[in-house]
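Here's the structure, in structure tokens; my notes come after.
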Amino acid sequence: MTEKTQSTHQDAEVHVVKPPVYLAIFFALLVLTALTTGISFIDLGVFNAVIALAIACLKASLVVLFFMHIHYSSRLLKLTVAAGLFTFMLLISLTMTDYISRAWGMF
Amino acid sequence: MSHISPVLWEFLVHWLKNFAIFPPEASTIAPYADALYFALVGMTVTGLALVMTMVLVFSIRYRKERHPEAVQIEGSTLLEATWTLIPLGIFLVFFVWGALLYFRVFNPPPNSMNIYVVGKQWMWKVEHQGGQHEINALHIPTGVPIQVTLISQDVFHSFSIPAFRVKREAIPGRYTTVYFEATTPGKYHLFCTQYCGTNHSAMIGWVYVMTPADYSAWEAGNTSGASLAQNGERLFASVGCNACHNGSATARGPNLANVYNTRIRLTDGSTAIANEAYLREAILAPSMHVPAGYAQIMPTYQGQISEDGLIDLVEYIKSLDSNYRIQQMLNKSQISSAQASTEGKTVPAQGAAKP
Amino acid sequence: MSTIVSLPDQSTAKLPAKSYLNQEYGLKSWLLTGDHKRIAMLYLFSITFFFVIGGVLAGLIRLELLTPPADLMATDTYNKVFSMHGIIMIFLFLVPSVPATIGNFLIPLMVGARDLAFPKINLLSWYLYMGGGLLVLATMVLGGVDTGWTFTTPLSTHYLNTHVVTAAMGIFLAGFSSIFTGLNFIVTIHRMRCPGMTWFRLPLFVWGHYATSIIMILGTPVLAITLVLVALERTMNIGVFDPSKGGDPLLFQHLFWFYSHPAVYIMILPGMAVISEVISTFSRKRVFGYTAVAFSSVAIAVFGFLVWEHHMFIMGVSQYSALVFSLLTMLVAVPSAIKIFNWSMTLYKGSITFETPMLYAFGFIGLFTIGGLTGIFLATLGMDVHLTETYFIVAHFHFVMVGGMLMAYLAGVHFWWPKMTGRMYPEAISKTAAVITFIGFIVTFFPQFILGYLGMPRRYAAYPADFQVLNVFSTAGASILGIGYLLPMLYLPWSLKYGEIAGDNPWQATGLEWQIQSPPLTENFSEIPIMDHEAYDYEWLANKTHHEVQTVG
Amino acid sequence: MDSPSIATTPHELGSSGLPHAHDHPAFMRHHFEDIGQQREAASFGMWVFLLTEIMFFGGLFCAYLIFRNWYHPAFVAGSNTLDITLGTTNTAVLIGSSFTMAMAVYSAEMRRKGQLVLFLVLTILLGGVFLGIKAVEYHQKYVDHHIPGMNFSIQEFVHPTNPKAIPLAPDMAEKTQLYFFLYFAMTGMHALHMIIGIGLLLFMVARASRGAYTAGHVIPVENFGLYWHFVDIVWIFLFPLLYLISRYR
Ligand code: HEA
Ligand code: HEA
Ligand code: CUA
Ligand SMILES: [Cu+2]
């Protein structure tokens with residue numbers, strides 16, 4: 001029984017993330033927040049949205065990777081996160097095929 | 001059997017009279033749809049026969065009594081590929097075939113005759129160009145391509161004529177279109193097929209397909225006196241559109257003559273084609289597309305003009321367009337020419353009808 | 001056609017002294033249990049209860065449709081009846097049918113675990129289900145809801161004054177129950193497999209449920225938020241789905257079908273999972289093309305998320321987008337075909353016997369093929385224009401859901417009945433029931449295809465007289481079908497007391513669940529097993545020198 | 001629990017060199033083989049649950065995307081009524097609470113009871129501040145008659161009091177109601193998650209102070225951490241979508 005637990009569950013290793021990492025991420029997030037707010041005061045046309053969302057994605061990735069430990073986790077958990085994002089994108093993008101092309105030929 | 005039991009006899013006769021297994025084919029679309037249908041039935045029968053043969057033959061051949069010891073077989077990549085690719089190929093053929101038919105049904109030819117249909121709980125209101133109004137009935141001539149422009153006043157409805165094999169949802173807030181060309185005079189079912197509340201099943205009516213001659217006669221006898229465009233003109237004045245759209249150079253609104261079906265440049269730099277949907281939206285939500293050079297001052301008429309009124313207005317604005325007027329004339333002559341071509345073989349109006 | 005495979009010493013078999021059924025006594029021990037097998041039993045009872053209600057409503061539908069006018073009930077009553085029929089059958093019966101009962105019972109056994117990963121969440125899921133069920137029943141008692149099971153906006157949000165919100169909340173709860181079931185399965189299958197149980201040694205039953213769970217956890221939340229929006233829109237008079245306020249009714253359709261199309265695969269994949277087990281066992285052969293069948297389940301689950309718009313082809317979606325979705329729908333049909341052919345080939349050179357589960361499985365293959373191929377009619381754009389919203393669709397989905405999934409469910413219940421209860425069902429009468437069901441089914445639903453092509457719209461309380469003959473057939477068939485379903489509801493409980501004692505492995509099947517006593521112990525395995533052979537390895541079974549069955553007491 | 005064979009550092013915990021299954025600690029559920037399996041199952045289960053949460057918010061994001069494209073002027077007008085200072089502050093507060101939560105997980109892993117309780121309480125406080133600020137914002141909307149379905153008025157958009165704002169046509173101004181509905185639905189759903197989270201945190205503080213999580217059983221804290229960070233991520237997206245990206249036409 002012992003040897004099999006090791007074979008199936010050897011990736012159970014738990015990585016303890018140290019406070020300096022958390023602190024660094026925390027400050028990075030604060031800086032990014034300040035940055036995104038600052039940029040929003042400049043009128044950049046569509047780029048306002050693009051930049052703000054890019055920064056949001058960056059922040060979210062930092063949270064997922066470090067606060068939520070995905071950076072240190074097994075491949076299964078990485079895949080799980082990817083699957084969630086993928087399905088979310090499916091919902092948005094395939095719905096958009098309708099909305100974008102609905103008015104084709106009219107505009 | 002009639003002397004054994006008259007009741008039973010009556011019953012049987014009644015039944016057989018009411019027994020149909022195939023709907024009448026009464027439009028130019030119908031043969032296309034039926035061909036596709038039979039091809040699909042063919043595929044189903046073949047596929048089912050294949051599977052059932054395998055199951056039956058193996059069950060008999062390899063039942064325990066005849067074949068006590070099973071032979072273990074892992075699988076076969078070749079077979080897997082076969083039954084992946086062949087069904088896929090067949091399905092793709094139907095995809096293409098079906099798509100062609102779909103585009104045919106939903107993209108009316110430009111010279112078609114336009115009839116408006118407004119769905120509301122629980123009736124169909126039909127408006128012909130000439131101002132003929134009908135409820136739960138639709139009179140049309142044979143041999144003329146017809147575009148039905150649908151809209152709903154409340155919830156989703158669905159305008160279905162099985163004998164034509166066409167159907168289209170009437171949705172609130174947006175025009176949809178469907179196209180057909182009737183071939184056989186007669187009286188056919190008209191259904192609302194989208195569930196729309198309590199009396200959904202009562203939202204039914206008849207489609208009367210007539211020879212062009214009969215149709216012209218019907219048209220003349222049923223007109224309310226004013227065409228849609230004329231009604232629209234009256235409305236245009238009474239709700240005050242002409243205060244701004246009077247065509248003069250100093251008018252606050254753009255001149256609406258000849259805007260129909262032209263490409264309009266908007267303030268945000270994009271362009272839009274002024275089709276029926278655009279015109280309707282321009283009245284209800286004027287700020288959605290502001291033509292370049294105009295201030296956004298037109299008030300919204302949301303909730304103030306009924307769908308019928310909007311149709312009248314749209315038709316009026318269309319009628320200000322000279323190309324469109326010419327088209328209308330051509331349509332008229334089309335009906336009479338269709339009449340000429342079918343003259344010889346006029347079918348009695350109830351020919352293919354089912355009571 | 002002799003009955004059972006060489007039964008191992010059936011005469012001397014006796015019920016084990018200790019099992020999950022008699023471990024503890026009393027209502028409380030059931031209502032607070034964490035044991036997946038007991039929860040499965042709770043589900044079995046509650047699901048059957050809702051099936052009977054749904055079935056009686058179906059009977060009412062068919063009685064009303066016997067004659068053209070709306071004479072048995074008023075149209076709005078009819079509308080409520082079919083809406084409740086659809087809601088109950090789908091959300092309270094078919095979605096949890098195989099997964100929450102048979103799946104719940106078997107997945108831990110099949111992967112060699114003592115229980116599902118989260119027993120308390122499993123119990124919570126049953127309570128959520130019951131909560132949802134009670135809300136739906138409350139809706140019915142309060143006066144019903146007449147939206148249809150599809151809740152089409154703006155009808156459901158602004159034009160009805162029935163109990164839409166109550167029903168929506170009932171479905172919301174039932175949805176979370178299904179999310180938790182899926183979550184439990186996924187974690188169990190990933191994390192609780194016994195030593196040696198690699199992915200490709202898992203029975204196909206487990207693969208099917210894995211695929212189902214993916215859909216449950218990714219699709220159901222979208223339904224949940226959609227129903228919340230419907231409820232908010234109704235109570236607060238907002239207009240997200242109402243065009244007169246600037247909203248878009250099609251957005252509702254997109255969100256609803258984003259769940260509800262994948263949900264139809266929630267309603268078939270577990271059935272397919274059952275069929276794999278049954279066909280393999282009674283032809284005494286490994287399933288032909290194991291990997292192909294396993295991957296096709298996952299392919300169905302993934303592709304199933306890409307096709308929802310085929311329910312909206314004529315609803316005013318963009319034609320180009322319809323094109324894309326029609327194409328994708330054609331693709332998703334292929335994995336189902338792969339499965340059907342692999343099952344048929346499994347019979348080749350087998351050693352086939354025809355027990356009741358096998359009869360149901362044959363019924364499944366035939367009826368699902370018809371149902372699936374008529375799905376292709378609907379996926380074909382131009383054909384869908386004529387067929388959509390007619391009885392053709394009603395026939396299509398009853399073929400796949402009733403002819404497919406319900407048959408598979410019955411196959412599964414019969415197949416694992418000995419494992420669940422320790423006793424056999426009566427063989428002769430159950431075979432009769434299977435045949436009656438099959439005949440009744442064909443007579444009920446086949447005429448509906450013809451009706452559909454004739455153009456008879458669905459959800460009609462009254463219809464033109466042209467359609468009567470076929471409707472009479474359909475109603476007659478439904479009565480036969482009702483008998484077919486009534487029989488198991490009678491003889492299965494009967495067999496609890498009078499059935500033959502089954503023994504551990506009455507079918508001589510290879511799954512881990514058959515290598516332990518029936519009914520199993522609460523902790524399933526006294527010692528966690530070690531898997532040292534492939535799934536469906538009948539040679540391994542034959543070569544097993546001694547019976548390694550673990551009976552305690 | 002005091003058995004010496006139990007891993008003393010969290011690092012060893014998962015690797016389960018347990019010689020015998022019966023040595024398992026009290027918090028181990030008996031249907032698991034070992035503590036490593038239990039831990040993995042728990043965190044995987046939590047992640048799977050978070051997937052459902054992503055899709056739950058997905059429907060709202062979808063609606064937002066569509067209506068923003070259709071009624072851009074209305075969204076601009078609506079967005080400009082939000083207080084960007086409060087929004088930014090709230091973002092910072094929530095990020096702070098995520099940080100304290102991460103530290104709480106760390107404390108539990110290091111088995112420091114006092115520190116764990118401290119960070120949990122800090123998380124509660126920051127979460128409370130967030131909700132407080134949110135309440136202020138909601139109240140402002142109430143005062144301004146911007147709550148759809150309750151007291152909505154388009155006056156402010158048709159005849160803006162702010163001289164810099166571009167007045168909207170009445171028909172477009174009606175559409176601001178959609179913006180505000182989405183605003184309330186999204187932030188409300190988010191706030192609901194926060195409230196549930198704070199409830200759980202209170203419960204955990206009570207248990208933590210009795211030492212429940214500092215004896216090796218860190219799973220609940222870790223899983224709650226995942227939940228809390230997820231809620232944070234939702235806000236990270238809501239903030240730009242609602243406050244920032246629709247400020248200019
Ligand atoms: C268990 C449930 C279930 C299943 C599995 C399916 C499976 C399929 N369904 Fe069905 N469907 C429903 C339940 C289901 N459906 C329901 C409930 C509705 C109506 C909802 C409502 O409006 O109320 C519906 C409606 C529906 C529509 C919408 C119709 C409309 O509203 O206009 C469409 C359109 O594409 C469709 C298509 C399909 C297809 C292509 C499949 C495919 O997955 C089928 C794949 C299977 C096969 C193809 C059979 C096996 C193939 C072979 C054996 C190969 C044969 C050999 C050769 C061809 C060589 N279905
Ligand atoms: C799992 C799903 C499921 C199941 C099992 C069934 C089972 C049956 N359904 Fe249902 N049906 C749906 C799902 C299902 N249905 C859905 C989703 C809809 C669409 C709803 C909508 O439009 O919104 C629908 C709609 C629907 C319609 C169309 C209504 C309309 O559009 O106007 C019809 C009509 O014939 C029908 C008939 C039947 C029949 C005869 C059965 C039979 O198979 C049932 C047989 C079972 C029994 C009869 C119960 C068991 C027997 C007893 C307990 C004995 C006692 C019973 C009596 C004395 C009656 N169903
Ligand atoms: Cu109108 Cu159904
Ligand atoms: Cu579908």
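To be explicit about the labels: the chains of the structure tokens are called A, B, and onward in the order shown, and within each one the residues are counted from 1, while ligands get numbers from 1 in the order they are shown.
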
Distance filter 6 Å, only C-alpha atoms, chain A against chain C, as a PyMOL selection string: chain A and resi 4+97-98+101-102

Within 12 Å of Leu53 in chain A using only C-alpha atoms, minus same-chain residues under 5 positions, as an MDAnalysis selection string: (chainID A and resid 32:33 36:37 39:40 46:48 58:60) or (chainID D and resid 236:246)

Could you write out the selected residues, including N, CA, C and O atoms, as a short mmCIF file (atom, residue, chain, number, x, y, z; two decimals), in the first residue's frame?
data_model
loop_
_atom_site.label_atom_id
_atom_site.label_comp_id
_atom_site.auth_asym_id
_atom_site.auth_seq_id
_atom_site.Cartn_x
_atom_site.Cartn_y
_atom_site.Cartn_z
N LEU A 32 0.19 48.29 -10.61
CA LEU A 32 -0.62 48.11 -11.82
C LEU A 32 -1.97 48.80 -11.67
O LEU A 32 -2.48 49.38 -12.64
N THR A 33 -2.53 48.76 -10.48
CA THR A 33 -3.81 49.45 -10.27
C THR A 33 -3.65 50.94 -10.49
O THR A 33 -4.43 51.58 -11.19
N THR A 36 -3.24 51.58 -14.24
CA THR A 36 -4.44 51.48 -15.06
C THR A 36 -5.38 52.66 -14.79
O THR A 36 -5.98 53.22 -15.70
N THR A 37 -5.47 53.06 -13.53
CA THR A 37 -6.30 54.23 -13.24
C THR A 37 -5.72 55.47 -13.90
O THR A 37 -6.45 56.26 -14.53
N ILE A 39 -3.84 55.74 -16.57
CA ILE A 39 -4.01 55.74 -18.03
C ILE A 39 -5.44 56.09 -18.41
O ILE A 39 -5.68 56.72 -19.43
N SER A 40 -6.37 55.72 -17.56
CA SER A 40 -7.76 55.96 -17.93
C SER A 40 -8.08 57.45 -18.01
O SER A 40 -9.11 57.83 -18.55
N VAL A 46 -9.87 53.43 -28.72
CA VAL A 46 -10.07 52.02 -28.36
C VAL A 46 -8.97 51.52 -27.45
O VAL A 46 -9.17 50.56 -26.71
N PHE A 47 -7.81 52.18 -27.48
CA PHE A 47 -6.71 51.63 -26.70
C PHE A 47 -6.94 51.74 -25.21
O PHE A 47 -6.34 51.02 -24.44
N ASN A 48 -7.82 52.63 -24.80
CA ASN A 48 -8.18 52.64 -23.37
C ASN A 48 -8.64 51.26 -22.93
O ASN A 48 -8.16 50.71 -21.94
N LEU A 58 -3.06 40.86 -16.77
CA LEU A 58 -1.77 40.70 -16.12
C LEU A 58 -1.96 40.55 -14.61
O LEU A 58 -1.40 39.64 -13.97
N LYS A 59 -2.79 41.43 -14.04
CA LYS A 59 -3.02 41.35 -12.60
C LYS A 59 -3.63 40.01 -12.22
O LYS A 59 -3.20 39.35 -11.26
N ALA A 60 -4.62 39.61 -13.01
CA ALA A 60 -5.28 38.34 -12.70
C ALA A 60 -4.28 37.20 -12.77
O ALA A 60 -4.27 36.31 -11.92
N ILE D 236 -10.96 42.54 -10.20
CA ILE D 236 -9.89 43.08 -11.04
C ILE D 236 -10.41 43.32 -12.45
O ILE D 236 -9.99 44.25 -13.13
N PHE D 237 -11.36 42.49 -12.90
CA PHE D 237 -11.94 42.73 -14.22
C PHE D 237 -13.11 43.71 -14.16
O PHE D 237 -13.29 44.52 -15.07
N LEU D 238 -13.89 43.62 -13.12
CA LEU D 238 -15.05 44.54 -13.06
C LEU D 238 -14.59 45.99 -13.00
O LEU D 238 -15.21 46.87 -13.59
N PHE D 239 -13.51 46.23 -12.30
CA PHE D 239 -13.06 47.60 -12.12
C PHE D 239 -12.79 48.30 -13.46
O PHE D 239 -13.40 49.32 -13.75
N PRO D 240 -11.92 47.76 -14.32
CA PRO D 240 -11.76 48.46 -15.60
C PRO D 240 -13.03 48.46 -16.44
O PRO D 240 -13.34 49.49 -17.06
N LEU D 241 -13.76 47.35 -16.45
CA LEU D 241 -14.93 47.31 -17.32
C LEU D 241 -15.94 48.37 -16.94
O LEU D 241 -16.49 49.06 -17.79
N LEU D 242 -16.20 48.50 -15.65
CA LEU D 242 -17.27 49.41 -15.25
C LEU D 242 -16.78 50.83 -15.06
O LEU D 242 -17.49 51.78 -15.37
N TYR D 243 -15.57 51.00 -14.56
CA TYR D 243 -15.12 52.35 -14.20
C TYR D 243 -14.25 52.98 -15.28
O TYR D 243 -14.33 54.18 -15.50
N LEU D 244 -13.40 52.20 -15.91
CA LEU D 244 -12.30 52.82 -16.64
C LEU D 244 -12.47 52.91 -18.15
O LEU D 244 -12.17 53.93 -18.75
N ILE D 245 -12.93 51.84 -18.77
CA ILE D 245 -12.75 51.80 -20.22
C ILE D 245 -13.79 52.60 -20.98
O ILE D 245 -13.67 52.77 -22.18
N SER D 246 -14.84 53.05 -20.34
CA SER D 246 -15.87 53.77 -21.10
C SER D 246 -15.96 55.22 -20.68
O SER D 246 -17.02 55.75 -20.47
#

Please identify all polymer residues within 10 Å of Met236 in chain C, counting only C-alpha atoms, omitting same-chain residues fewer than 2 positions from it, and present them as a short mmCIF file (atom, residue, chain, number, x, y, z; two decimals) with C-alpha atoms, in the first residue's frame.
data_model
loop_
_atom_site.label_atom_id
_atom_site.label_comp_id
_atom_site.auth_asym_id
_atom_site.auth_seq_id
_atom_site.Cartn_x
_atom_site.Cartn_y
_atom_site.Cartn_z
CA VAL C 230 -34.85 36.14 -15.89
CA ALA C 231 -36.01 36.35 -12.30
CA LEU C 232 -34.51 39.81 -11.84
CA GLU C 233 -35.94 41.04 -15.11
CA ARG C 234 -39.34 39.81 -14.05
CA ILE C 238 -35.48 45.45 -16.26
CA GLY C 239 -34.92 44.97 -19.97
CA PRO D 148 -32.94 50.45 -12.24
CA GLY D 149 -36.25 48.95 -11.36
CA MET D 150 -36.46 51.11 -8.26
CA PHE D 181 -28.51 47.10 -14.33
#

Nearby residues, ligand 4, 9 Å, only C-alpha atoms and all ligand atoms, as a PyMOL selection string: chain C and resi 257+260-265+304+307-311+329+375+379

Go ahead and save the picked residues with N, CA and C atoms, as a PDB file, in the first residue's frame.
ATOM      1  N   TRP C 257     -29.210  28.233 -24.332  1.00  0.00           N
ATOM      2  CA  TRP C 257     -28.778  27.048 -25.079  1.00  0.00           C
ATOM      3  C   TRP C 257     -27.308  26.760 -24.881  1.00  0.00           C
ATOM      4  N   SER C 260     -28.149  24.428 -22.449  1.00  0.00           N
ATOM      5  CA  SER C 260     -29.098  23.361 -22.709  1.00  0.00           C
ATOM      6  C   SER C 260     -28.726  22.492 -23.879  1.00  0.00           C
ATOM      7  N   HIS C 261     -27.909  22.987 -24.803  1.00  0.00           N
ATOM      8  CA  HIS C 261     -27.443  21.982 -25.750  1.00  0.00           C
ATOM      9  C   HIS C 261     -26.455  21.025 -25.107  1.00  0.00           C
ATOM     10  N   PRO C 262     -25.374  21.522 -24.496  1.00  0.00           N
ATOM     11  CA  PRO C 262     -24.515  20.544 -23.815  1.00  0.00           C
ATOM     12  C   PRO C 262     -25.309  19.658 -22.860  1.00  0.00           C
ATOM     13  N   ALA C 263     -26.373  20.210 -22.284  1.00  0.00           N
ATOM     14  CA  ALA C 263     -27.162  19.405 -21.356  1.00  0.00           C
ATOM     15  C   ALA C 263     -27.760  18.191 -22.031  1.00  0.00           C
ATOM     16  N   VAL C 264     -28.070  18.278 -23.320  1.00  0.00           N
ATOM     17  CA  VAL C 264     -28.608  17.068 -23.935  1.00  0.00           C
ATOM     18  C   VAL C 264     -27.540  15.985 -23.949  1.00  0.00           C
ATOM     19  N   TYR C 265     -26.291  16.381 -23.924  1.00  0.00           N
ATOM     20  CA  TYR C 265     -25.256  15.350 -23.820  1.00  0.00           C
ATOM     21  C   TYR C 265     -25.089  14.882 -22.385  1.00  0.00           C
ATOM     22  N   GLY C 304     -19.702  19.443 -27.840  1.00  0.00           N
ATOM     23  CA  GLY C 304     -21.062  19.789 -27.452  1.00  0.00           C
ATOM     24  C   GLY C 304     -21.207  21.253 -27.063  1.00  0.00           C
ATOM     25  N   VAL C 307     -22.055  24.092 -30.381  1.00  0.00           N
ATOM     26  CA  VAL C 307     -23.109  23.955 -31.381  1.00  0.00           C
ATOM     27  C   VAL C 307     -24.448  24.540 -30.957  1.00  0.00           C
ATOM     28  N   TRP C 308     -24.492  25.271 -29.841  1.00  0.00           N
ATOM     29  CA  TRP C 308     -25.801  25.582 -29.266  1.00  0.00           C
ATOM     30  C   TRP C 308     -26.726  26.353 -30.194  1.00  0.00           C
ATOM     31  N   GLU C 309     -26.125  27.104 -31.108  1.00  0.00           N
ATOM     32  CA  GLU C 309     -26.979  27.987 -31.878  1.00  0.00           C
ATOM     33  C   GLU C 309     -27.908  27.224 -32.833  1.00  0.00           C
ATOM     34  N   HIS C 310     -27.730  25.904 -32.974  1.00  0.00           N
ATOM     35  CA  HIS C 310     -28.631  25.210 -33.894  1.00  0.00           C
ATOM     36  C   HIS C 310     -30.072  25.195 -33.383  1.00  0.00           C
ATOM     37  N   HIS C 311     -30.297  25.640 -32.164  1.00  0.00           N
ATOM     38  CA  HIS C 311     -31.673  25.772 -31.691  1.00  0.00           C
ATOM     39  C   HIS C 311     -32.272  27.120 -32.092  1.00  0.00           C
ATOM     40  N   THR C 329     -22.258  21.368 -35.774  1.00  0.00           N
ATOM     41  CA  THR C 329     -23.204  20.337 -35.349  1.00  0.00           C
ATOM     42  C   THR C 329     -22.947  19.031 -36.099  1.00  0.00           C
ATOM     43  N   GLY C 375     -31.584  14.041 -35.806  1.00  0.00           N
ATOM     44  CA  GLY C 375     -30.900  15.264 -35.379  1.00  0.00           C
ATOM     45  C   GLY C 375     -30.165  15.888 -36.548  1.00  0.00           C
ATOM     46  N   ALA C 379     -30.045  19.661 -38.007  1.00  0.00           N
ATOM     47  CA  ALA C 379     -28.811  20.426 -38.126  1.00  0.00           C
ATOM     48  C   ALA C 379     -28.622  20.937 -39.545  1.00  0.00           C
TER      49      ALA C 379
END

Select from chain A every residue with an atom at most 8 Å from any atom of chain D, then for each give the shortest pair of atoms and their distance in Å to one decimal, using only C-alpha atoms, rows by chain and rising number, as a Markdown table.
| residue | atom | partner | partner_atom | distance |
| --- | --- | --- | --- | --- |
| A:Thr2 | CA | D:Pro19 | CA | 6.8 |
| A:Thr5 | CA | D:Glu33 | CA | 7.7 |
| A:Gln6 | CA | D:Ser16 | CA | 7.5 |
| A:His9 | CA | D:Gln37 | CA | 6.6 |
| A:Gln10 | CA | D:Ser15 | CA | 6.3 |
| A:Asp11 | CA | D:Ser15 | CA | 7.8 |
| A:Ala12 | CA | D:Gly14 | CA | 5.0 |
| A:Glu13 | CA | D:Gly14 | CA | 5.0 |
| A:Val14 | CA | D:His11 | CA | 5.5 |
| A:His15 | CA | D:His11 | CA | 6.4 |
| A:Val16 | CA | D:Tyr106 | CA | 7.0 |
| A:Val17 | CA | D:Tyr106 | CA | 7.1 |
| A:Lys18 | CA | D:Tyr106 | CA | 7.3 |
| A:Pro19 | CA | D:Met103 | CA | 6.7 |
| A:Tyr22 | CA | D:Phe99 | CA | 6.6 |
| A:Leu23 | CA | D:Phe99 | CA | 7.4 |
| A:Phe26 | CA | D:Phe99 | CA | 6.1 |
| A:Leu29 | CA | D:Ile95 | CA | 7.1 |
| A:Leu30 | CA | D:Ala92 | CA | 6.2 |
| A:Thr33 | CA | D:Thr88 | CA | 7.2 |
| A:Ala34 | CA | D:Thr88 | CA | 7.7 |
| A:Thr36 | CA | D:Pro240 | CA | 7.9 |
| A:Thr37 | CA | D:Thr88 | CA | 7.0 |
| A:Ser40 | CA | D:Leu244 | CA | 5.7 |
| A:Asp43 | CA | D:Tyr248 | CA | 6.4 |
| A:Gly45 | CA | D:Tyr248 | CA | 7.3 |
| A:Asn48 | CA | D:Ile245 | CA | 5.6 |
| A:Ala49 | CA | D:Ile245 | CA | 4.7 |
| A:Ala52 | CA | D:Pro240 | CA | 6.0 |
| A:Leu53 | CA | D:Pro240 | CA | 6.9 |
| A:Ala56 | CA | D:Phe237 | CA | 5.8 |
| A:Cys57 | CA | D:Phe237 | CA | 7.8 |
| A:Lys59 | CA | D:Ile236 | CA | 7.2 |
| A:Ala60 | CA | D:Ile233 | CA | 5.5 |
| A:Val63 | CA | D:His229 | CA | 6.9 |
| A:Val64 | CA | D:His229 | CA | 7.8 |
| A:Phe67 | CA | D:Ala102 | CA | 5.9 |
| A:Met68 | CA | D:Leu226 | CA | 5.8 |
| A:Leu77 | CA | D:Phe44 | CA | 6.7 |
| A:Thr80 | CA | D:Val48 | CA | 7.1 |
| A:Val81 | CA | D:Leu51 | CA | 7.3 |
| A:Gly84 | CA | D:Leu51 | CA | 5.2 |
| A:Leu85 | CA | D:Ile54 | CA | 7.9 |
| A:Thr87 | CA | D:Met55 | CA | 7.7 |
| A:Phe88 | CA | D:Met55 | CA | 6.1 |
| A:Leu91 | CA | D:Gly58 | CA | 7.5 |
| A:Ile92 | CA | D:Cys62 | CA | 5.8 |
| A:Tyr99 | CA | D:Ile66 | CA | 7.6 |

Go ahead and save the residues from that selection, with C-alpha atoms, as a compact mmCIF listing (two decimals), in the first residue's frame.
# COMPACT_ATOMS: atom_id res chain seq x y z
CA THR A 2 2.81 2.35 0.78
CA THR A 5 0.55 5.75 -2.65
CA GLN A 6 3.89 7.01 -3.61
CA HIS A 9 0.43 10.62 -5.33
CA GLN A 10 4.00 11.64 -5.55
CA ASP A 11 3.07 14.99 -7.04
CA ALA A 12 1.32 15.85 -3.81
CA GLU A 13 4.24 17.93 -2.78
CA VAL A 14 3.07 21.19 -1.26
CA HIS A 15 5.07 24.25 -1.94
CA VAL A 16 5.01 26.91 0.71
CA VAL A 17 5.22 30.33 -0.87
CA LYS A 18 7.25 32.68 1.23
CA PRO A 19 6.05 36.12 2.41
CA TYR A 22 3.48 37.65 -1.58
CA LEU A 23 4.72 41.09 -0.72
CA PHE A 26 1.09 42.74 -3.62
CA LEU A 29 -0.67 44.69 -8.08
CA LEU A 30 -0.88 48.07 -6.42
CA THR A 33 -3.81 49.45 -10.27
CA ALA A 34 -2.35 52.91 -10.07
CA THR A 36 -4.44 51.48 -15.06
CA THR A 37 -6.30 54.23 -13.24
CA SER A 40 -7.76 55.96 -17.93
CA ASP A 43 -8.25 59.57 -24.02
CA GLY A 45 -9.74 55.79 -28.18
CA ASN A 48 -8.18 52.64 -23.37
CA ALA A 49 -10.09 49.42 -23.35
CA ALA A 52 -7.04 48.40 -19.29
CA LEU A 53 -7.98 44.83 -20.13
CA ALA A 56 -6.39 43.42 -15.78
CA CYS A 57 -5.28 40.14 -17.39
CA LYS A 59 -3.02 41.35 -12.60
CA ALA A 60 -5.28 38.34 -12.70
CA VAL A 63 -2.99 36.50 -8.53
CA VAL A 64 -3.60 33.11 -10.09
CA PHE A 67 -1.49 34.04 -4.56
CA MET A 68 -3.29 30.96 -5.80
CA LEU A 77 -4.40 22.25 -11.83
CA THR A 80 -8.01 23.06 -14.97
CA VAL A 81 -7.44 26.79 -15.02
CA GLY A 84 -12.02 27.35 -17.43
CA LEU A 85 -10.57 30.18 -19.48
CA THR A 87 -14.77 27.62 -22.03
CA PHE A 88 -15.25 31.21 -21.00
CA LEU A 91 -19.01 31.40 -24.63
CA ILE A 92 -17.93 34.91 -25.52
CA TYR A 99 -23.60 39.60 -32.98
